[in-house]
Amino acid sequence: MRTFGRLLGIVLPAWRWMLVSVFLGACTVAANIGLMTTAAYLIASAALHPPLGTLFVPITGVRFFGISRGVFRYGERLVTHNTTFRILARLRVWFYERLERLAPARLQGYRSGDLLSRMISDIETLEHFYVRVLAPPLVAVLILLGAFFLLRHFVGTGPAVGILLFWGGAGILVPWLVERWARKPGQQWIRRRGDLSAHLVDGIQGMPDLLAFGAHHRKAKTLDHLSRRLIADQTRLSAITGFASAAMLAATHLAVIAVLVWAIPQVARGELAGVLLPVVALLVLTSFEAVMPLPEAFQFLGKSLEAARRLFRVVDTPVPVQDPPASATPRDFSVDIQDLWFRYDPVEPWVLRGVDLHLREGERVLLMGPSGAGKTTLVALLLRFWDYERGSLRLGGHELKAYRADDVRRWIAVLDQKPYLFNTTIRENLLLARPEATQEEIEQACRVAQIHDFIQSLPEGYDTYVGEGGVRLSGGQAQRIAIARAVLRGAPIWILDEPTEGLDALTEQALLQTLEQALEGRTVLIISHRPLALRRLDRVLWMENGRLEEVPLRRRERF
Amino acid sequence: MRKARGATAPLAVTVGLGFASGLLLILQAGWLARVLDRVFLQGQALGEVANLLWGIAGLVALRALLAWLSEIFAFQAAARVKHDLRTALYRHLLRLGPAYVASERTGAVTTTAVEHVEAVEAFFARYLPQLALAALVPLAILAFVFPLDPASGVILLVTAPLMPFFMVLIGAWAERLTARQWRELSRMGGHFLDVLQGLTTLKIFGRSRAYVEVIREVTDRFRDTTLGVLRVAFLSALTLELLATISTALVAVGVGLRLLYGHLPFYEAFFVLLLAPEFYQPLRNLGTQFHAAMGAAEAARHIFEILETPAPSRPGPRVAVPETRPFALELRNLTFRYRPRDPPVLENLSLDLAPGERVAVVGPSGAGKTTLFRLILGFYQPTEGEILAQGRPIQRMDPEAWRRLIAWVPQRPYLFYGTVWENLRLASPEASDEEILQACQRAQAHDFIEQLPQGYDTLIGERGVRLSGGQAQRLALARALLRDAPLVLLDEPTAHLDRATEERIQETLERWTRGRTTLVIAHRLRTIRWVDRVVVLENGRLVEQGPPEVLLRKGGAFAELLAAYGGYLP
C-alpha cells in the first residue's frame, strides 16, 4: 500500500491529463451503451407502431452515439498517450535525480549492464502504470456508477444491487482468484523462463568454448529440456487465464438473465413499461465493457508494484557522502593519508587497514599490488565517492570531508582501465570535462593526448559518433580521448588506475610516452599491478591486504 | 511460418472451439430476442419463459467452457511453435558457428533467440485463430440475418470488407508510423541507459546534475514529435470504430423503421440488432491483435533471417584425424579475411610446427594472433590456403573429432551460469573430483575457489558470483589441464595476473606442454621463456622467427617489441 502511495505520488502531477483521459475513456464506453440502449428503445417503441414523429428522438440518439463513439475513442487514445509520455518523462527524471545522488558508491552492486537494464525495464513497466492500472478502474467506476443509478431508476434498488454483485464478481473477485491461483505457477514460470534465457545466452555467447570442448550437444539437450518444462508451466497458467475469460463471459450473460428474472415480473405487474425491458437487458450487457479490462489491470498492478519496490529499494539507500555547505580552500595539492581504515559495510571485512600515504605536490608515485589489495577503493575514497570511517585523509591541509565532492573532483582527474565514452560525438565526449571549452582548447588537449591527427583524419572529424560504449574506437584511441578529457579538465592531481591494461606492448609504450608529457608538473598517483615504463617515478609503493609499504627504488625490478 | 506445422492441430481445435462458440452466441441472441418478444408483446409471465431463460443459461455455461478450452489450446499451439523455433534456432546457430554469431553481434542474436521467439506467441495464440474466426463468425451471422432481413444483411455485407480494407490500408501505413515512433522510443531508452552507465564519468566531471535537464528535454521533444505522428496514426482506430458503430446504428434505424411500418416483426428486428455488434466484434478483435501480429511478424523476420542463413559446407571427402600424439601442425599459405572486402587479417602465412614443438606467437594487437587460433579451431575457414595436421587438411576432418585433440585457453574465457564444478567439467564431464581439484591446484585456482562463498559449489557466470578476469582465466586453464590433448592453444594465459601467480602458472605450463604441440600467444614477453621458437606477426604476416635468444641478439622486430617494455624483461 505504501509502495502504491509513493508510486501515485510520482505520477499524480499529471492529474489534469489523467482526468481528461479518464473522462474520454468513460465517454467511449458510454457511447456504446447509449447506442445499444437507444437502439433497443427505438425498436421496442416501433413495435407498438406509434406515429413516426415520436421516434425522432431515439433515431437521432442512435445516430449520435453511432458517430460519437469513434470520435471519443480517438480523443481518448491521443490524450492517454500524451499522459503516458508525461509520466514517462517524470519517472525518468525522478529516477535519475535519485540515482545521481547515490552514484557511484551505492551502485557498485548494480554496475553491470544487466542490472541497469533491469532497472530500465522496471521504469518502462511503470511508464504504463497509468494506462494499464489506474485508468481502467477509474473508467469502470464512472460507467458503473452511471449504469447503477439508471438500473435503480428502471428496476429498483434490489436488482441494481444484484447486478452490482455481478460487476464485482467479474471485476474484482475473478481477478483476485486468478491472481491467487496463478501466483505460484507464475513465479515458477518466471524463474524457469529466466533459467532458460540464461542458458540460451550462455549457449550463444559461450559457443566457442562449448564447441572447443565438445559440450554443445549437452547444452542443446539442456535447452530442450528447459524449454519443455517451460511449456508445461505455461499450459498450467493458460488454464487459469482461460478460467478468467470463461468466468467473465459467464458473469456478463448471467447478469443479463438475472436482470430479466427481476424485471419480467415487474412488467407483468405493470411496474416497468414493456418497452424498457429490452433497454434494461442491453444496458446490463453493454455495461460489462467497462469491467473487461479490470483483470488485466489487476495483473499489471502486481507487476508495477514489484517494479516500484525494486526501484524504491535502490533509491532509498542512504546517500553515502554528506557535503559541507561550502568548501575549504586547499593550501596546495598535496595528499596526506594517515592510518586510514575503510570497509564498505559494517558487516564486511576491512578493505583498508591503516593506510599511510603522503604525496607532495608535483610528486609522481607508483602504487602496485595484487588485485583485491584495496587500490581501487583508495581511489574511490580520494574522489569522495565514499566517506572514510577511521583515520585521516587530507588534501591541501584540510580533511577531505571539508570539501564539497564536486570541488574535489575538479582537482582530481582519473584515467582508469576502461574510460566510459558516451554514444555521441567525440566533441561532446570531450566537452564533458569543460562545457565552455573552445575548439582551440579542445584541439590543444587532443594534441597533448596525441589523438588530434587521428580525429582530423576521420571524415567527420570531431563530430564523429563514437558508438555504443565507444565501440568504434580502439582501446588505445579511447584511452587517448580520456587523456584529452583529463587535460581539458586541467586538474592538478591525476590518478592513473591501470590505464594501459588490455593494450598491447607497442600501444602501451606510445601511450605512456604521451602521458609523460601530459603529467608534467602535476601530482600523480599511478596504480598498477605491474611496473610501467615511465621515465620518471619518484617513489614506488606496494599495497597488499589493505596496507601500504614503501619499496626502495633500486629494488623495484623485483616486481 | 513453416515451423508452425506442429501447431496445426491445436490451432485447428482453437478455431473450431471459437466457431462453435460463435454459433452458440447466435442461438443465444435468438432465444434472448424470443424471451423479450414473449414478455413485452405477448404479455407472458416469468414462468412461461423460464424454459428459455434456463436454455440461455445453459448456452452461456457451454460458451464459457468453450472459451476456457480455446485459451488452453491457443497457448498449446503457441508454446509448441516457440519450443520448435527455439530448438531449431539454437541447433542452426551451432551449425553456423561462432563465425556467424560474432559477425552478427552476439547481442542481436541473443535477443532473437530469447525475446523474438517469445514475441511470436502473440501471432500464434491470438492473431491466427482470430484471423480464422474473423472470417467464419461473420459469415455465419450473415447466414442468419439474410433470410430474416435482407436490407440489414446488405448493410453488413457491404461494410464487412471495408473493415479489413481500412485495416490494411490505413493500418499498415499507421503501423509504419507507429513502428518508427517505437524505434525512436527504444533509442531514447538506449540514451537513458547510456547516461546511467556513464553516471560515474558524469559525476567525476561534475556534469551529472546538469543531465537532469538533458533527460527532460529529450523526453519532451520525443513527446511532441510522437503526438504529431499519433494524431494521424490513430485515424485507423477512429475509422474502424466508426464503421462498426455507424453501421450498427444504420441497421438499428433501418429495422426500427421497417418494424414501424409492419414489414418486420419485433422478434426478427431485435435479433438482428443483437447480432449487428457481434458481427463486427471478431473483426475488431482482429484489429486489436493487429499491432501484436505486426510485432510478431517483425520478430519472425529476425528468426527466419538466422534460420535461412546457409551453414558453411565442408568440401571434399572426410579424412580421419591424426592418430599420432603429438602430431605435426602445418599452416600453408594462409590468407584470411573476415569479410570479402576487408583487408586480410592473415596474409600468406606459412608455419611448420614439429610434433611436440612449442612456439610463441607475438606481435602488436591486430596482428592476427587470435584469428589464427580461430582458424585452427575450425570456427572460421581460411579464405585461402590450408591447415594440415599430420599432413591432413583439418577442414576435411569431422570438426568435433578434431577439436577433441585440442586444449584451448581463450583470451576471455566464457563462464557459464552454474557451479564451479560444472564449469570445470565442461571439457571432460567424466573427470573425478580428485582430478578437478588437482587441475585447479596446478592452475593456481584452488585457493580463490576455496574462498568463494560456497567453494566449488558456488554459482558463477552472468547471474552468479562474478570472477575477475584473472580468476576466469585460471579456471579456463584448469579446464584445459583436465583435457589430455596433443595440441595446446594458449591465448595470453597469464594476462591480468600478478607476478607471483604468473610465475607459478608458467611453471605449470612449462611442464604440462612438454610433449604436446603448443602455440602460445603472449603480450608479456617474459612469459615465454620456455618456448622453442618465437614467431613475430605483424599485420597478418610473419616478419621474424627463431629461438628467443637469437632474435634478441638480432635486433629486429622482436627486439623492438621487447624495447617497448623498457627494463622490465626477464
# chains A, B, ... in the order shown; residues from 1 in each chain; ligands from 1

$ select_by_dssp --residues "segment 31-151 of chain B" --states "alpha helix (DSSP H)" --output "PyMOL selection string"
chain B and resi 31-40+46-103+106-111+117-121+128-148+150-151

$ residues_around --residues "Glu443 of chain A" --least-positions-apart "3" --cutoff "10 Å" --atoms "only C-alpha atoms" --output "PDB file with N, CA and C atoms, in the first residue's frame"
ATOM      1  N   ARG A 427      33.437  15.298 -29.887  1.00  0.00           N
ATOM      2  CA  ARG A 427      33.422  16.627 -29.281  1.00  0.00           C
ATOM      3  C   ARG A 427      32.602  16.634 -27.992  1.00  0.00           C
ATOM      4  N   ALA A 437      34.678  24.938 -23.094  1.00  0.00           N
ATOM      5  CA  ALA A 437      35.944  24.929 -23.829  1.00  0.00           C
ATOM      6  C   ALA A 437      35.739  25.320 -25.291  1.00  0.00           C
ATOM      7  N   THR A 438      36.688  26.080 -25.827  1.00  0.00           N
ATOM      8  CA  THR A 438      36.624  26.467 -27.233  1.00  0.00           C
ATOM      9  C   THR A 438      37.213  25.346 -28.087  1.00  0.00           C
ATOM     10  N   GLN A 439      36.968  25.424 -29.396  1.00  0.00           N
ATOM     11  CA  GLN A 439      37.518  24.437 -30.321  1.00  0.00           C
ATOM     12  C   GLN A 439      39.035  24.413 -30.191  1.00  0.00           C
ATOM     13  N   GLU A 440      39.603  25.604 -30.047  1.00  0.00           N
ATOM     14  CA  GLU A 440      41.050  25.745 -29.885  1.00  0.00           C
ATOM     15  C   GLU A 440      41.549  24.911 -28.708  1.00  0.00           C
ATOM     16  N   CYS A 446      43.767  17.641 -27.372  1.00  0.00           N
ATOM     17  CA  CYS A 446      43.904  16.428 -28.183  1.00  0.00           C
ATOM     18  C   CYS A 446      45.316  16.298 -28.734  1.00  0.00           C
ATOM     19  N   ARG A 447      45.987  17.441 -28.936  1.00  0.00           N
ATOM     20  CA  ARG A 447      47.378  17.343 -29.388  1.00  0.00           C
ATOM     21  C   ARG A 447      48.243  16.770 -28.276  1.00  0.00           C
ATOM     22  N   VAL A 448      48.003  17.244 -27.057  1.00  0.00           N
ATOM     23  CA  VAL A 448      48.763  16.694 -25.934  1.00  0.00           C
ATOM     24  C   VAL A 448      48.515  15.188 -25.838  1.00  0.00           C
ATOM     25  N   ALA A 449      47.263  14.799 -26.059  1.00  0.00           N
ATOM     26  CA  ALA A 449      46.922  13.375 -25.976  1.00  0.00           C
ATOM     27  C   ALA A 449      47.293  12.629 -27.254  1.00  0.00           C
ATOM     28  N   GLN A 450      47.851  13.354 -28.206  1.00  0.00           N
ATOM     29  CA  GLN A 450      48.265  12.784 -29.497  1.00  0.00           C
ATOM     30  C   GLN A 450      47.157  12.009 -30.184  1.00  0.00           C
ATOM     31  N   ILE A 451      45.987  12.615 -30.196  1.00  0.00           N
ATOM     32  CA  ILE A 451      44.864  11.971 -30.868  1.00  0.00           C
ATOM     33  C   ILE A 451      44.281  12.941 -31.900  1.00  0.00           C
ATOM     34  N   HIS A 452      44.785  14.198 -31.878  1.00  0.00           N
ATOM     35  CA  HIS A 452      44.238  15.215 -32.778  1.00  0.00           C
ATOM     36  C   HIS A 452      44.349  14.785 -34.245  1.00  0.00           C
ATOM     37  N   ASP A 453      45.524  14.292 -34.639  1.00  0.00           N
ATOM     38  CA  ASP A 453      45.722  13.923 -36.041  1.00  0.00           C
ATOM     39  C   ASP A 453      44.748  12.825 -36.455  1.00  0.00           C
ATOM     40  N   ILE A 455      41.809  12.191 -35.128  1.00  0.00           N
ATOM     41  CA  ILE A 455      40.446  12.719 -35.218  1.00  0.00           C
ATOM     42  C   ILE A 455      40.274  13.502 -36.520  1.00  0.00           C
ATOM     43  N   GLN A 456      41.311  14.284 -36.844  1.00  0.00           N
ATOM     44  CA  GLN A 456      41.249  15.061 -38.073  1.00  0.00           C
ATOM     45  C   GLN A 456      41.131  14.166 -39.304  1.00  0.00           C
ATOM     46  N   TYR A 462      35.792  15.908 -35.450  1.00  0.00           N
ATOM     47  CA  TYR A 462      35.354  15.922 -34.057  1.00  0.00           C
ATOM     48  C   TYR A 462      33.868  15.600 -33.901  1.00  0.00           C
ATOM     49  N   ALA A 484      42.794  13.351 -23.214  1.00  0.00           N
ATOM     50  CA  ALA A 484      42.460  14.705 -23.668  1.00  0.00           C
ATOM     51  C   ALA A 484      41.406  15.319 -22.751  1.00  0.00           C
ATOM     52  N   LEU A 488      41.898  18.672 -20.574  1.00  0.00           N
ATOM     53  CA  LEU A 488      40.924  19.752 -20.694  1.00  0.00           C
ATOM     54  C   LEU A 488      40.396  20.149 -19.322  1.00  0.00           C
TER      55      LEU A 488
END

$ residues_around --residues "Leu272 of chain A" --least-positions-apart "2" --cutoff "12 Å" --atoms "only C-alpha atoms" --output "PDB file with N, CA, C and O atoms, in the first residue's frame"
ATOM      1  N   LEU A 151     -30.161   1.739 -13.626  1.00  0.00           N
ATOM      2  CA  LEU A 151     -30.841   0.494 -13.299  1.00  0.00           C
ATOM      3  C   LEU A 151     -31.782   0.685 -12.118  1.00  0.00           C
ATOM      4  O   LEU A 151     -32.903   0.194 -12.107  1.00  0.00           O
ATOM      5  N   ARG A 152     -31.283   1.422 -11.098  1.00  0.00           N
ATOM      6  CA  ARG A 152     -32.111   1.638  -9.909  1.00  0.00           C
ATOM      7  C   ARG A 152     -33.384   2.383 -10.295  1.00  0.00           C
ATOM      8  O   ARG A 152     -34.459   2.097  -9.800  1.00  0.00           O
ATOM      9  N   HIS A 153     -33.200   3.314 -11.218  1.00  0.00           N
ATOM     10  CA  HIS A 153     -34.333   4.094 -11.683  1.00  0.00           C
ATOM     11  C   HIS A 153     -35.349   3.188 -12.383  1.00  0.00           C
ATOM     12  O   HIS A 153     -36.555   3.292 -12.161  1.00  0.00           O
ATOM     13  N   PHE A 154     -34.848   2.244 -13.225  1.00  0.00           N
ATOM     14  CA  PHE A 154     -35.751   1.393 -14.003  1.00  0.00           C
ATOM     15  C   PHE A 154     -36.349   0.253 -13.174  1.00  0.00           C
ATOM     16  O   PHE A 154     -37.544   0.033 -13.175  1.00  0.00           O
ATOM     17  N   VAL A 155     -35.478  -0.499 -12.490  1.00  0.00           N
ATOM     18  CA  VAL A 155     -35.969  -1.728 -11.861  1.00  0.00           C
ATOM     19  C   VAL A 155     -35.856  -1.736 -10.343  1.00  0.00           C
ATOM     20  O   VAL A 155     -36.162  -2.739  -9.707  1.00  0.00           O
ATOM     21  N   GLY A 156     -35.388  -0.621  -9.756  1.00  0.00           N
ATOM     22  CA  GLY A 156     -35.361  -0.551  -8.304  1.00  0.00           C
ATOM     23  C   GLY A 156     -34.019  -0.921  -7.709  1.00  0.00           C
ATOM     24  O   GLY A 156     -33.146  -1.483  -8.394  1.00  0.00           O
ATOM     25  N   LEU A 260     -33.327  -9.953 -16.146  1.00  0.00           N
ATOM     26  CA  LEU A 260     -34.614 -10.313 -16.757  1.00  0.00           C
ATOM     27  C   LEU A 260     -35.515 -10.993 -15.730  1.00  0.00           C
ATOM     28  O   LEU A 260     -36.716 -10.712 -15.659  1.00  0.00           O
ATOM     29  N   TRP A 262     -35.577 -10.497 -12.635  1.00  0.00           N
ATOM     30  CA  TRP A 262     -36.142  -9.466 -11.754  1.00  0.00           C
ATOM     31  C   TRP A 262     -37.166  -8.597 -12.472  1.00  0.00           C
ATOM     32  O   TRP A 262     -38.171  -8.204 -11.910  1.00  0.00           O
ATOM     33  N   ALA A 263     -36.866  -8.279 -13.733  1.00  0.00           N
ATOM     34  CA  ALA A 263     -37.672  -7.261 -14.419  1.00  0.00           C
ATOM     35  C   ALA A 263     -38.955  -7.828 -15.019  1.00  0.00           C
ATOM     36  O   ALA A 263     -39.959  -7.129 -15.091  1.00  0.00           O
ATOM     37  N   ILE A 264     -38.937  -9.122 -15.447  1.00  0.00           N
ATOM     38  CA  ILE A 264     -40.113  -9.664 -16.125  1.00  0.00           C
ATOM     39  C   ILE A 264     -41.371  -9.598 -15.245  1.00  0.00           C
ATOM     40  O   ILE A 264     -42.425  -9.113 -15.702  1.00  0.00           O
ATOM     41  N   PRO A 265     -41.264 -10.006 -13.961  1.00  0.00           N
ATOM     42  CA  PRO A 265     -42.471  -9.864 -13.110  1.00  0.00           C
ATOM     43  C   PRO A 265     -42.898  -8.400 -12.972  1.00  0.00           C
ATOM     44  O   PRO A 265     -44.093  -8.106 -12.863  1.00  0.00           O
ATOM     45  N   GLN A 266     -41.910  -7.486 -12.977  1.00  0.00           N
ATOM     46  CA  GLN A 266     -42.273  -6.062 -12.870  1.00  0.00           C
ATOM     47  C   GLN A 266     -43.086  -5.634 -14.083  1.00  0.00           C
ATOM     48  O   GLN A 266     -44.003  -4.818 -13.980  1.00  0.00           O
ATOM     49  N   VAL A 267     -42.728  -6.170 -15.269  1.00  0.00           N
ATOM     50  CA  VAL A 267     -43.504  -5.856 -16.476  1.00  0.00           C
ATOM     51  C   VAL A 267     -44.912  -6.422 -16.321  1.00  0.00           C
ATOM     52  O   VAL A 267     -45.906  -5.742 -16.602  1.00  0.00           O
ATOM     53  N   ALA A 268     -44.971  -7.694 -15.821  1.00  0.00           N
ATOM     54  CA  ALA A 268     -46.279  -8.330 -15.654  1.00  0.00           C
ATOM     55  C   ALA A 268     -47.136  -7.538 -14.681  1.00  0.00           C
ATOM     56  O   ALA A 268     -48.336  -7.374 -14.875  1.00  0.00           O
ATOM     57  N   ARG A 269     -46.484  -7.012 -13.627  1.00  0.00           N
ATOM     58  CA  ARG A 269     -47.230  -6.229 -12.638  1.00  0.00           C
ATOM     59  C   ARG A 269     -47.492  -4.804 -13.102  1.00  0.00           C
ATOM     60  O   ARG A 269     -48.126  -4.041 -12.412  1.00  0.00           O
ATOM     61  N   GLY A 270     -46.896  -4.430 -14.251  1.00  0.00           N
ATOM     62  CA  GLY A 270     -47.103  -3.079 -14.764  1.00  0.00           C
ATOM     63  C   GLY A 270     -46.225  -2.054 -14.102  1.00  0.00           C
ATOM     64  O   GLY A 270     -46.402  -0.850 -14.291  1.00  0.00           O
ATOM     65  N   GLY A 274     -43.098  -2.228 -20.712  1.00  0.00           N
ATOM     66  CA  GLY A 274     -42.540  -3.317 -21.519  1.00  0.00           C
ATOM     67  C   GLY A 274     -41.468  -2.821 -22.469  1.00  0.00           C
ATOM     68  O   GLY A 274     -40.502  -3.523 -22.752  1.00  0.00           O
ATOM     69  N   VAL A 275     -41.644  -1.599 -22.952  1.00  0.00           N
ATOM     70  CA  VAL A 275     -40.660  -1.017 -23.883  1.00  0.00           C
ATOM     71  C   VAL A 275     -39.273  -0.988 -23.249  1.00  0.00           C
ATOM     72  O   VAL A 275     -38.265  -1.095 -23.945  1.00  0.00           O
ATOM     73  N   LEU A 276     -39.242  -0.832 -21.935  1.00  0.00           N
ATOM     74  CA  LEU A 276     -37.940  -0.663 -21.265  1.00  0.00           C
ATOM     75  C   LEU A 276     -37.240  -1.990 -21.003  1.00  0.00           C
ATOM     76  O   LEU A 276     -36.058  -2.015 -20.681  1.00  0.00           O
ATOM     77  N   LEU A 277     -37.968  -3.105 -21.136  1.00  0.00           N
ATOM     78  CA  LEU A 277     -37.344  -4.396 -20.832  1.00  0.00           C
ATOM     79  C   LEU A 277     -36.108  -4.668 -21.715  1.00  0.00           C
ATOM     80  O   LEU A 277     -35.027  -4.979 -21.201  1.00  0.00           O
ATOM     81  N   PRO A 278     -36.218  -4.518 -23.054  1.00  0.00           N
ATOM     82  CA  PRO A 278     -35.017  -4.693 -23.895  1.00  0.00           C
ATOM     83  C   PRO A 278     -33.919  -3.693 -23.539  1.00  0.00           C
ATOM     84  O   PRO A 278     -32.731  -4.026 -23.589  1.00  0.00           O
ATOM     85  N   VAL A 279     -34.352  -2.477 -23.156  1.00  0.00           N
ATOM     86  CA  VAL A 279     -33.366  -1.444 -22.806  1.00  0.00           C
ATOM     87  C   VAL A 279     -32.548  -1.895 -21.596  1.00  0.00           C
ATOM     88  O   VAL A 279     -31.315  -1.829 -21.595  1.00  0.00           O
ATOM     89  N   VAL A 280     -33.254  -2.381 -20.574  1.00  0.00           N
ATOM     90  CA  VAL A 280     -32.574  -2.813 -19.354  1.00  0.00           C
ATOM     91  C   VAL A 280     -31.615  -3.974 -19.670  1.00  0.00           C
ATOM     92  O   VAL A 280     -30.471  -4.005 -19.215  1.00  0.00           O
TER      93      VAL A 280
ATOM     94  N   VAL B  39     -42.456 -11.663 -23.550  1.00  0.00           N
ATOM     95  CA  VAL B  39     -42.839 -10.905 -22.353  1.00  0.00           C
ATOM     96  C   VAL B  39     -43.426  -9.557 -22.744  1.00  0.00           C
ATOM     97  O   VAL B  39     -44.477  -9.148 -22.281  1.00  0.00           O
ATOM     98  N   PHE B  40     -42.704  -8.871 -23.646  1.00  0.00           N
ATOM     99  CA  PHE B  40     -43.057  -7.493 -23.988  1.00  0.00           C
ATOM    100  C   PHE B  40     -44.332  -7.452 -24.833  1.00  0.00           C
ATOM    101  O   PHE B  40     -45.277  -6.736 -24.515  1.00  0.00           O
TER     102      PHE B  40
END

$ select_by_dssp --residues "segment 480-520 of chain A" --states "strand (DSSP E)" --output "PyMOL selection string"
chain A and resi 493-497

$ residues_around --residues "Pro138 of chain B" --least-positions-apart "4" --cutoff "7 Å" --atoms "only C-alpha atoms" --output "number ranges by chain"
B: 134, 142, 279

$ write_last_selection --atoms "C-alpha atoms" --output "JSON list (two decimals), in the first residue's frame"
[["chain", "number", "residue", "atom", "x", "y", "z"],
["B", 134, "ALA", "CA", -12.93, -13.08, -38.26],
["B", 142, "LEU", "CA", -24.85, -13.24, -42.27],
["B", 279, "PHE", "CA", -20.90, -9.30, -36.49]]
